[in-house]
Amino acid sequence: MGMTMTQKILAAHAGLEKVSSGQLIEVNLDIVLGNDVTAPVAIREMEKLNTKKIFDKDKIALVPDHFTPNKDIKSAENCKCMREFAIDHDITNYFEIGEMGIEHALLPEKGLVVAGDVIIGADSHTCTYGALGAFSTGVGSTDMAAGMATGQAWFKVPSALRFILTGKPSKWVSGKDIILHIIGMIGVDGARYKSMEFVGDGIENLTMDDRFTIANMAIEAGAKNGIFKVDRNTIKYMNEHSVKPYTIYRADEDAVYDENYEIDLSKIRPTIAFPHLPENTHTIDNIEDIKIDQVVIGSCTNGRLDDLRIAAKVMEGRTVAKGMRVIVFPATQKIYLQALEEGLLSTFIKAGAVVSTPTCGPCLGGHMGVLAAGERAVSTTNRNFVGRMGHVESEVYLASPAIAAASAVTGKISGPEELGL
Amino acid sequence: MKAKGQVHRYGDNVDTDVIIPARYLNTSDPKELAEKCMIDIDKDFIVKVKPGDIMVAGKNFGCGSSREHAPIAIKASGISCVIAETFARIFYRNSINIGLPIIECEEASKDIEANDEVEVDFDSGKIYNLTKNKHYQGQAFPDFMQRIIKAEGLINYIKQR
Ligand code: SF4
């Protein structure tokens, strides 16, 4: 019986010729990641190990993104704890506010993650880097502590679901619609404990930014990781961003999958997840008028340049509906600057949106756009749980940048087609 | 190792945002976290919970973010064990790593009601419902995980090696 892409990467990092699903293994790590919420907990756990040593100062990434620029005194203390640890241990990849971004957009952009790597991050959306053909998964702070100290983590080898993508997405359909469609189909625990492997010719028609969005939300189907087959776009991306050597792993011909799903991308319609679960999906064609109060465009899911370009294309020369709050937050400083130079930010500001510095802020109801009771938001983020963006009686509708931007203009959930685009 | 207590009952897909909302994540102090535990779905939980009590839920318990603050808050609230039909994977791993006993059992998850008196034997995976005078067989942990739990978490386990 052959191995899946994920199993091959895990076997190689465990020093084993072969692994099979269910097997418990210990693997060597290429990157260990933490943020201002999870790293302070990990740092305290590490202290209990009575070791001052970290496994490799170049293989730990620390990104203050959740409550930054510091939201309050407690957040400032957390960031200080992480900063001091980074200085004490001479951590190469610690990113201060001016050079930072939301961790999952930042690491690929900085070239820290490439195909064939094993990455753990004390943040559930660490699965994002699967877009590059790496095995990457979210863990908790204790795993992060153990990872920083030993360079290893334990895993149960997952079985996999295979998604064979064919065809080309139609206009205004992007990675977000594809992954929401898939989560709607298999449910929020449809891939629990498993890998989601994305293969098929249709991948060629997806930009790297689309793929990051899709891999990012694998966790929303309960998956351990999401992973894409490596193609020339992946290689081009890695060559442009990284100097690290990469390894391409392909699934064996006789690899066994728990389930195979064939998805014709040309048939997917713009899709929205209604409150309060990402599986609660509807296409734009069969929803009634839903009035909204706030639109949020950004995050580790949809705060990349492609996303901002699409949103700007929809908002260009238009203004946001009266009484609507629209918050745009580019995912990294580099994206922010590119968006500025391309004139995207002035499009947003002229339309009546606010543009924020890169931060997780509104995505997790932290700061910079928290919702009051009874308010509704359309958001390009990844979670719409009860209370995710503020009050427990507020509602979050997850959608693509195209839908979010069109909704900002009309004041209700709308697609760009409604604006004649 | 055993746990015994009164049951607090919840449904499917209890996510980490309701176990401990992000707005309280600017601290990692277990006591402070416990004070806000479950606040968005059951604001009385923290008033009602007694040391040793047991939490029972449906499918996919702990889905969502990787915040270890979620099992930490549950443990610090006094809960001695969580029984669910299934757990989301990061929550499962975090619970083992911090030493919060959890056990998967479909039958128990479906049958146990709020306020039942329940006892769990971790070595055998047996769950006894003392109120209903019934028992269920839960999934015992594989050896490797038992060793981590016996060491009271991953950090101690690594220290011992
Ligand atoms: S943008 Fe949202 S989902 Fe992404 S890392 Fe930040 S809080 Fe998490």
# chains A, B, ... in the order shown; residues from 1 in each chain; ligands from 1

$ interface_residues --of "chain B" --to "chain A" --cutoff "6 Å" --atoms "only C-alpha atoms" --output "VMD selection string"
chain B and resid 23 26 65 to 66 68 89 to 90 94

$ write_last_selection --atoms "N, CA, C and O atoms" --output "short mmCIF file (atom, residue, chain, number, x, y, z; two decimals), in the first residue's frame"
data_model
loop_
_atom_site.label_atom_id
_atom_site.label_comp_id
_atom_site.auth_asym_id
_atom_site.auth_seq_id
_atom_site.Cartn_x
_atom_site.Cartn_y
_atom_site.Cartn_z
N ARG B 23 -11.59 37.61 23.43
CA ARG B 23 -11.43 38.89 24.14
C ARG B 23 -10.79 38.71 25.52
O ARG B 23 -10.34 39.67 26.13
N ASN B 26 -5.97 37.94 26.46
CA ASN B 26 -4.80 38.76 26.76
C ASN B 26 -4.15 38.34 28.08
O ASN B 26 -3.21 38.94 28.54
N SER B 65 -9.90 27.28 17.21
CA SER B 65 -8.52 27.76 17.35
C SER B 65 -7.67 26.81 18.18
O SER B 65 -8.17 25.93 18.87
N SER B 66 -6.36 27.03 18.12
CA SER B 66 -5.43 26.13 18.81
C SER B 66 -5.17 26.57 20.24
O SER B 66 -4.34 26.00 20.91
N GLU B 68 -4.48 26.91 23.74
CA GLU B 68 -4.39 25.97 24.85
C GLU B 68 -5.15 26.52 26.05
O GLU B 68 -5.44 25.81 27.00
N ARG B 89 -9.11 17.77 16.71
CA ARG B 89 -7.78 17.20 16.97
C ARG B 89 -6.84 18.08 17.79
O ARG B 89 -6.11 17.60 18.63
N ILE B 90 -6.84 19.39 17.55
CA ILE B 90 -5.88 20.21 18.30
C ILE B 90 -6.27 20.23 19.78
O ILE B 90 -5.44 20.15 20.66
N ASN B 94 -3.94 19.09 22.81
CA ASN B 94 -3.64 20.04 23.87
C ASN B 94 -4.04 19.50 25.24
O ASN B 94 -3.35 19.71 26.22
#

$ residues_around --residues "region 14-21 of chain B" --least-positions-apart "4" --cutoff "8 Å" --atoms "only C-alpha atoms" --output "list in words"
Phe385, Val386, Gly387 and Arg388 of chain A; Tyr10, Leu25, Leu33, Lys36, Cys37, Met38, Ile39, Asp40, Ile41, Ala57, Asn60, Phe61, Gly62, Cys63, Gly64, Ser65, Ser66, Arg67, His69, Ala70, Ala73 and Ile74 of chain B

$ select_by_dssp --residues "region 46-160 of chain A" --states "alpha helix (DSSP H)" --output "number ranges by chain"
A: 46-48, 73-88, 103-109, 141-150

$ write_last_selection --atoms "N, CA and C atoms" --output "short mmCIF file (atom, residue, chain, number, x, y, z; two decimals), in the first residue's frame"
data_model
loop_
_atom_site.label_atom_id
_atom_site.label_comp_id
_atom_site.auth_asym_id
_atom_site.auth_seq_id
_atom_site.Cartn_x
_atom_site.Cartn_y
_atom_site.Cartn_z
N MET A 46 8.28 26.25 28.69
CA MET A 46 9.67 25.90 28.40
C MET A 46 10.55 26.11 29.62
N GLU A 47 10.21 27.15 30.38
CA GLU A 47 10.99 27.42 31.59
C GLU A 47 10.94 26.24 32.55
N LYS A 48 9.78 25.54 32.55
CA LYS A 48 9.64 24.38 33.45
C LYS A 48 10.59 23.26 33.07
N ILE A 73 -2.75 46.97 28.17
CA ILE A 73 -1.54 46.72 28.95
C ILE A 73 -1.20 45.23 28.99
N LYS A 74 -2.24 44.39 29.15
CA LYS A 74 -1.98 42.95 29.20
C LYS A 74 -1.36 42.45 27.90
N SER A 75 -1.88 42.94 26.77
CA SER A 75 -1.32 42.54 25.47
C SER A 75 0.12 43.01 25.35
N ALA A 76 0.37 44.21 25.85
CA ALA A 76 1.73 44.76 25.79
C ALA A 76 2.68 43.88 26.59
N GLU A 77 2.19 43.38 27.73
CA GLU A 77 3.03 42.50 28.56
C GLU A 77 3.33 41.19 27.83
N ASN A 78 2.32 40.66 27.15
CA ASN A 78 2.53 39.42 26.39
C ASN A 78 3.56 39.62 25.29
N CYS A 79 3.44 40.72 24.57
CA CYS A 79 4.40 41.00 23.49
C CYS A 79 5.80 41.20 24.06
N LYS A 80 5.85 41.83 25.23
CA LYS A 80 7.16 42.07 25.85
C LYS A 80 7.81 40.74 26.23
N CYS A 81 7.00 39.83 26.75
CA CYS A 81 7.50 38.51 27.14
C CYS A 81 8.13 37.82 25.92
N MET A 82 7.41 37.89 24.79
CA MET A 82 7.89 37.24 23.57
C MET A 82 9.14 37.94 23.02
N ARG A 83 9.11 39.27 23.04
CA ARG A 83 10.24 40.05 22.52
C ARG A 83 11.52 39.75 23.32
N GLU A 84 11.37 39.71 24.66
CA GLU A 84 12.55 39.46 25.50
C GLU A 84 13.11 38.06 25.27
N PHE A 85 12.20 37.12 25.09
CA PHE A 85 12.63 35.75 24.79
C PHE A 85 13.40 35.72 23.47
N ALA A 86 12.86 36.44 22.48
CA ALA A 86 13.50 36.48 21.16
C ALA A 86 14.90 37.08 21.24
N ILE A 87 15.02 38.14 22.04
CA ILE A 87 16.34 38.79 22.18
C ILE A 87 17.30 37.88 22.94
N ASP A 88 16.82 37.32 24.06
CA ASP A 88 17.67 36.43 24.87
C ASP A 88 18.22 35.27 24.06
N GLU A 103 0.84 36.18 10.75
CA GLU A 103 1.83 35.10 10.65
C GLU A 103 1.71 34.23 9.39
N HIS A 104 0.47 33.83 9.03
CA HIS A 104 0.33 32.85 7.94
C HIS A 104 0.48 33.47 6.56
N ALA A 105 0.41 34.79 6.50
CA ALA A 105 0.75 35.44 5.23
C ALA A 105 2.24 35.75 5.23
N LEU A 106 2.77 36.00 6.42
CA LEU A 106 4.15 36.44 6.55
C LEU A 106 5.18 35.33 6.26
N LEU A 107 4.97 34.15 6.83
CA LEU A 107 5.99 33.10 6.71
C LEU A 107 6.28 32.69 5.26
N PRO A 108 5.25 32.45 4.44
CA PRO A 108 5.55 32.14 3.03
C PRO A 108 6.22 33.31 2.32
N GLU A 109 5.75 34.52 2.61
CA GLU A 109 6.29 35.72 1.96
C GLU A 109 7.77 35.91 2.31
N SER A 141 0.27 25.45 22.81
CA SER A 141 1.50 26.08 23.31
C SER A 141 2.48 25.07 23.89
N THR A 142 1.96 24.00 24.51
CA THR A 142 2.87 23.01 25.09
C THR A 142 3.67 22.31 24.00
N ASP A 143 2.99 21.98 22.90
CA ASP A 143 3.71 21.39 21.76
C ASP A 143 4.75 22.37 21.23
N MET A 144 4.39 23.64 21.22
CA MET A 144 5.34 24.65 20.75
C MET A 144 6.56 24.68 21.66
N ALA A 145 6.32 24.62 22.97
CA ALA A 145 7.43 24.63 23.93
C ALA A 145 8.33 23.43 23.70
N ALA A 146 7.72 22.27 23.58
CA ALA A 146 8.50 21.05 23.37
C ALA A 146 9.25 21.13 22.04
N GLY A 147 8.58 21.69 21.04
CA GLY A 147 9.20 21.85 19.72
C GLY A 147 10.40 22.78 19.76
N MET A 148 10.26 23.90 20.49
CA MET A 148 11.37 24.85 20.57
C MET A 148 12.56 24.24 21.30
N ALA A 149 12.26 23.39 22.29
CA ALA A 149 13.35 22.81 23.08
C ALA A 149 14.01 21.63 22.37
N THR A 150 13.19 20.80 21.73
CA THR A 150 13.74 19.53 21.20
C THR A 150 13.81 19.48 19.67
#

$ residues_around --residues "Glu104 (chain B)" --least-positions-apart "6" --cutoff "6 Å" --atoms "only C-alpha atoms" --output "list in words"
Ile83, Ala84, Glu85, Thr86, Gly138 and Gln139 of chain B

$ write_last_selection --atoms "C-alpha atoms" --output "short mmCIF file (atom, residue, chain, number, x, y, z; two decimals), in the first residue's frame"
data_model
loop_
_atom_site.label_atom_id
_atom_site.label_comp_id
_atom_site.auth_asym_id
_atom_site.auth_seq_id
_atom_site.Cartn_x
_atom_site.Cartn_y
_atom_site.Cartn_z
CA ILE B 83 -16.47 13.09 27.76
CA ALA B 84 -17.51 13.67 24.14
CA GLU B 85 -18.61 11.70 21.13
CA THR B 86 -15.55 13.07 19.32
CA GLY B 138 -15.06 4.57 26.21
CA GLN B 139 -11.87 4.55 24.21
#

$ closest_residue --among "A:Ile102, A:Leu29, A:Ala218, A:Val243" --to "ligand 1" --atoms "only C-alpha atoms and all ligand atoms"
A:Ile102

$ residues_around --residues "Leu130 (chain B)" --least-positions-apart "6" --cutoff "10 Å" --atoms "only C-alpha atoms" --output "PyMOL selection string"
chain B and resi 4-6+116-119

$ write_last_selection --atoms "N, CA, C and O atoms" --output "CSV table (one decimal), in the first residue's frame"
chain,number,residue,atom,x,y,z
B,4,LYS,N,-14.7,11.6,39.3
B,4,LYS,CA,-16.2,11.4,39.7
B,4,LYS,C,-16.8,12.7,39.9
B,4,LYS,O,-16.2,13.6,40.6
B,5,GLY,N,-18.0,12.9,39.4
B,5,GLY,CA,-18.6,14.2,39.7
B,5,GLY,C,-19.9,14.4,38.9
B,5,GLY,O,-20.4,13.4,38.2
B,6,GLN,N,-20.5,15.5,39.1
B,6,GLN,CA,-21.8,15.8,38.4
B,6,GLN,C,-21.6,16.4,37.0
B,6,GLN,O,-20.6,17.1,36.8
B,116,ASP,N,-26.4,14.3,35.9
B,116,ASP,CA,-26.2,12.9,36.3
B,116,ASP,C,-24.8,12.8,37.1
B,116,ASP,O,-24.0,13.6,36.9
B,117,GLU,N,-24.7,11.8,37.9
B,117,GLU,CA,-23.5,11.6,38.7
B,117,GLU,C,-22.7,10.5,37.9
B,117,GLU,O,-23.2,9.4,37.6
B,118,VAL,N,-21.5,10.8,37.5
B,118,VAL,CA,-20.7,10.0,36.6
B,118,VAL,C,-19.3,9.7,37.2
B,118,VAL,O,-18.7,10.6,37.8
B,119,GLU,N,-18.9,8.4,37.0
B,119,GLU,CA,-17.5,8.1,37.4
B,119,GLU,C,-16.8,7.6,36.1
B,119,GLU,O,-17.3,6.8,35.4

$ closest_residue --among "B:Ala22, B:Met145, B:Val56, B:Val82" --to "Ala3 (chain B)" --atoms "only C-alpha atoms"
B:Val82

$ closest_residue --among "A:Glu279, A:Asp65, A:Glu197, A:Asp254" --to "ligand 1" --atoms "only C-alpha atoms and all ligand atoms"
A:Asp65

$ atom_distance --atom1 "CA of Ile310 (chain A)" --atom2 "CA of Ile183 (chain A)"
22.8 Å

$ residues_around --residues "Phe95 (chain A)" --least-positions-apart "6" --cutoff "8 Å" --atoms "only C-alpha atoms" --output "list in words"
Leu62, Val63 and Pro64 of chain A

$ write_last_selection --atoms "N, CA and C atoms" --output "compact mmCIF listing (two decimals), in the first residue's frame"
# COMPACT_ATOMS: atom_id res chain seq x y z
N LEU A 62 8.61 33.93 15.53
CA LEU A 62 7.74 34.56 16.52
C LEU A 62 7.13 35.81 15.91
N VAL A 63 5.79 35.84 15.88
CA VAL A 63 5.11 36.94 15.20
C VAL A 63 4.05 37.56 16.12
N PRO A 64 4.27 38.79 16.55
CA PRO A 64 3.23 39.46 17.35
C PRO A 64 2.15 40.03 16.42

$ closest_residue --among "A:Lys171, A:Lys110, A:Arg211, A:Arg304" --to "ligand 1" --atoms "only C-alpha atoms and all ligand atoms"
A:Arg304

$ residues_around --residues "Phe122 (chain B)" --least-positions-apart "4" --cutoff "10 Å" --atoms "only C-alpha atoms" --output "mmCIF file with N, CA, C and O atoms, in the first residue's frame"
data_model
loop_
_atom_site.group_PDB
_atom_site.id
_atom_site.type_symbol
_atom_site.label_atom_id
_atom_site.label_comp_id
_atom_site.auth_asym_id
_atom_site.auth_seq_id
_atom_site.Cartn_x
_atom_site.Cartn_y
_atom_site.Cartn_z
ATOM 1 N N MET B 1 -6.270 5.773 37.780
ATOM 2 C CA MET B 1 -6.768 7.143 37.822
ATOM 3 C C MET B 1 -8.279 7.185 37.574
ATOM 4 O O MET B 1 -8.782 6.554 36.648
ATOM 5 N N LYS B 2 -8.975 7.910 38.431
ATOM 6 C CA LYS B 2 -10.429 7.983 38.306
ATOM 7 C C LYS B 2 -10.920 9.417 38.446
ATOM 8 O O LYS B 2 -10.256 10.242 39.045
ATOM 9 N N ALA B 3 -12.084 9.678 37.883
ATOM 10 C CA ALA B 3 -12.727 10.973 38.101
ATOM 11 C C ALA B 3 -14.176 10.703 38.456
ATOM 12 O O ALA B 3 -14.761 9.721 37.998
ATOM 13 N N CYS B 81 -12.840 15.785 34.034
ATOM 14 C CA CYS B 81 -12.788 14.979 32.818
ATOM 15 C C CYS B 81 -13.817 15.501 31.826
ATOM 16 O O CYS B 81 -14.870 15.994 32.226
ATOM 17 N N PRO B 101 -7.776 15.145 31.506
ATOM 18 C CA PRO B 101 -8.278 13.872 30.997
ATOM 19 C C PRO B 101 -9.514 14.053 30.113
ATOM 20 O O PRO B 101 -10.445 14.777 30.481
ATOM 21 N N ILE B 102 -9.485 13.434 28.946
ATOM 22 C CA ILE B 102 -10.630 13.489 28.042
ATOM 23 C C ILE B 102 -10.871 12.089 27.511
ATOM 24 O O ILE B 102 -9.953 11.278 27.437
ATOM 25 N N ILE B 103 -12.102 11.808 27.166
ATOM 26 C CA ILE B 103 -12.389 10.450 26.704
ATOM 27 C C ILE B 103 -13.505 10.477 25.660
ATOM 28 O O ILE B 103 -14.479 11.208 25.812
ATOM 29 N N LYS B 126 -13.694 2.765 31.118
ATOM 30 C CA LYS B 126 -15.105 2.538 31.499
ATOM 31 C C LYS B 126 -15.705 3.791 32.136
ATOM 32 O O LYS B 126 -15.075 4.478 32.925
ATOM 33 N N ILE B 127 -16.949 4.051 31.748
ATOM 34 C CA ILE B 127 -17.668 5.208 32.289
ATOM 35 C C ILE B 127 -18.923 4.697 32.997
ATOM 36 O O ILE B 127 -19.710 3.957 32.407
ATOM 37 N N GLY B 138 -15.715 3.503 26.987
ATOM 38 C CA GLY B 138 -15.062 4.567 26.211
ATOM 39 C C GLY B 138 -13.749 4.065 25.647
ATOM 40 O O GLY B 138 -13.319 2.950 25.925
ATOM 41 N N GLN B 139 -13.126 4.943 24.835
ATOM 42 C CA GLN B 139 -11.871 4.554 24.207
ATOM 43 C C GLN B 139 -10.703 4.846 25.144
ATOM 44 O O GLN B 139 -10.462 6.001 25.483
ATOM 45 N N ALA B 140 -9.984 3.784 25.559
ATOM 46 C CA ALA B 140 -8.803 4.015 26.405
ATOM 47 C C ALA B 140 -7.690 4.592 25.527
ATOM 48 O O ALA B 140 -7.680 4.384 24.315
ATOM 49 N N PHE B 141 -6.758 5.319 26.129
ATOM 50 C CA PHE B 141 -5.662 5.922 25.356
ATOM 51 C C PHE B 141 -4.627 4.896 24.934
ATOM 52 O O PHE B 141 -4.340 3.978 25.673
ATOM 53 N N GLN B 146 -0.866 7.370 27.223
ATOM 54 C CA GLN B 146 -0.985 7.063 28.659
ATOM 55 C C GLN B 146 0.271 7.523 29.387
ATOM 56 O O GLN B 146 0.202 8.056 30.490
#

$ residues_around --residues "Ile164 (chain A)" --least-positions-apart "6" --cutoff "12 Å" --atoms "only C-alpha atoms" --output "NGL selection string"
:A and (182 or 196-203 or 228-229 or 257 or 259-265)

$ decode --residues "region 292-309 of chain A" --atoms "C-alpha atoms" --output "PDB file, in the first residue's frame"
ATOM      1  CA  ILE A 292     -25.357  44.267   7.076  1.00  0.00           C
ATOM      2  CA  ASP A 293     -23.593  46.746   9.338  1.00  0.00           C
ATOM      3  CA  GLN A 294     -19.927  46.019   8.759  1.00  0.00           C
ATOM      4  CA  VAL A 295     -17.642  44.588   6.097  1.00  0.00           C
ATOM      5  CA  VAL A 296     -14.219  43.227   6.944  1.00  0.00           C
ATOM      6  CA  ILE A 297     -11.696  42.528   4.174  1.00  0.00           C
ATOM      7  CA  GLY A 298      -8.383  40.963   5.153  1.00  0.00           C
ATOM      8  CA  SER A 299      -6.901  38.315   7.514  1.00  0.00           C
ATOM      9  CA  CYS A 300      -4.655  35.295   6.976  1.00  0.00           C
ATOM     10  CA  THR A 301      -7.421  33.896   4.784  1.00  0.00           C
ATOM     11  CA  ASN A 302      -8.002  36.787   2.386  1.00  0.00           C
ATOM     12  CA  GLY A 303      -5.644  39.654   3.116  1.00  0.00           C
ATOM     13  CA  ARG A 304      -3.194  39.013   0.269  1.00  0.00           C
ATOM     14  CA  LEU A 305      -2.552  41.159  -2.770  1.00  0.00           C
ATOM     15  CA  ASP A 306      -4.905  39.261  -5.110  1.00  0.00           C
ATOM     16  CA  ASP A 307      -7.677  39.638  -2.547  1.00  0.00           C
ATOM     17  CA  LEU A 308      -7.152  43.385  -2.262  1.00  0.00           C
ATOM     18  CA  ARG A 309      -6.982  43.744  -6.034  1.00  0.00           C
TER      19      ARG A 309
END
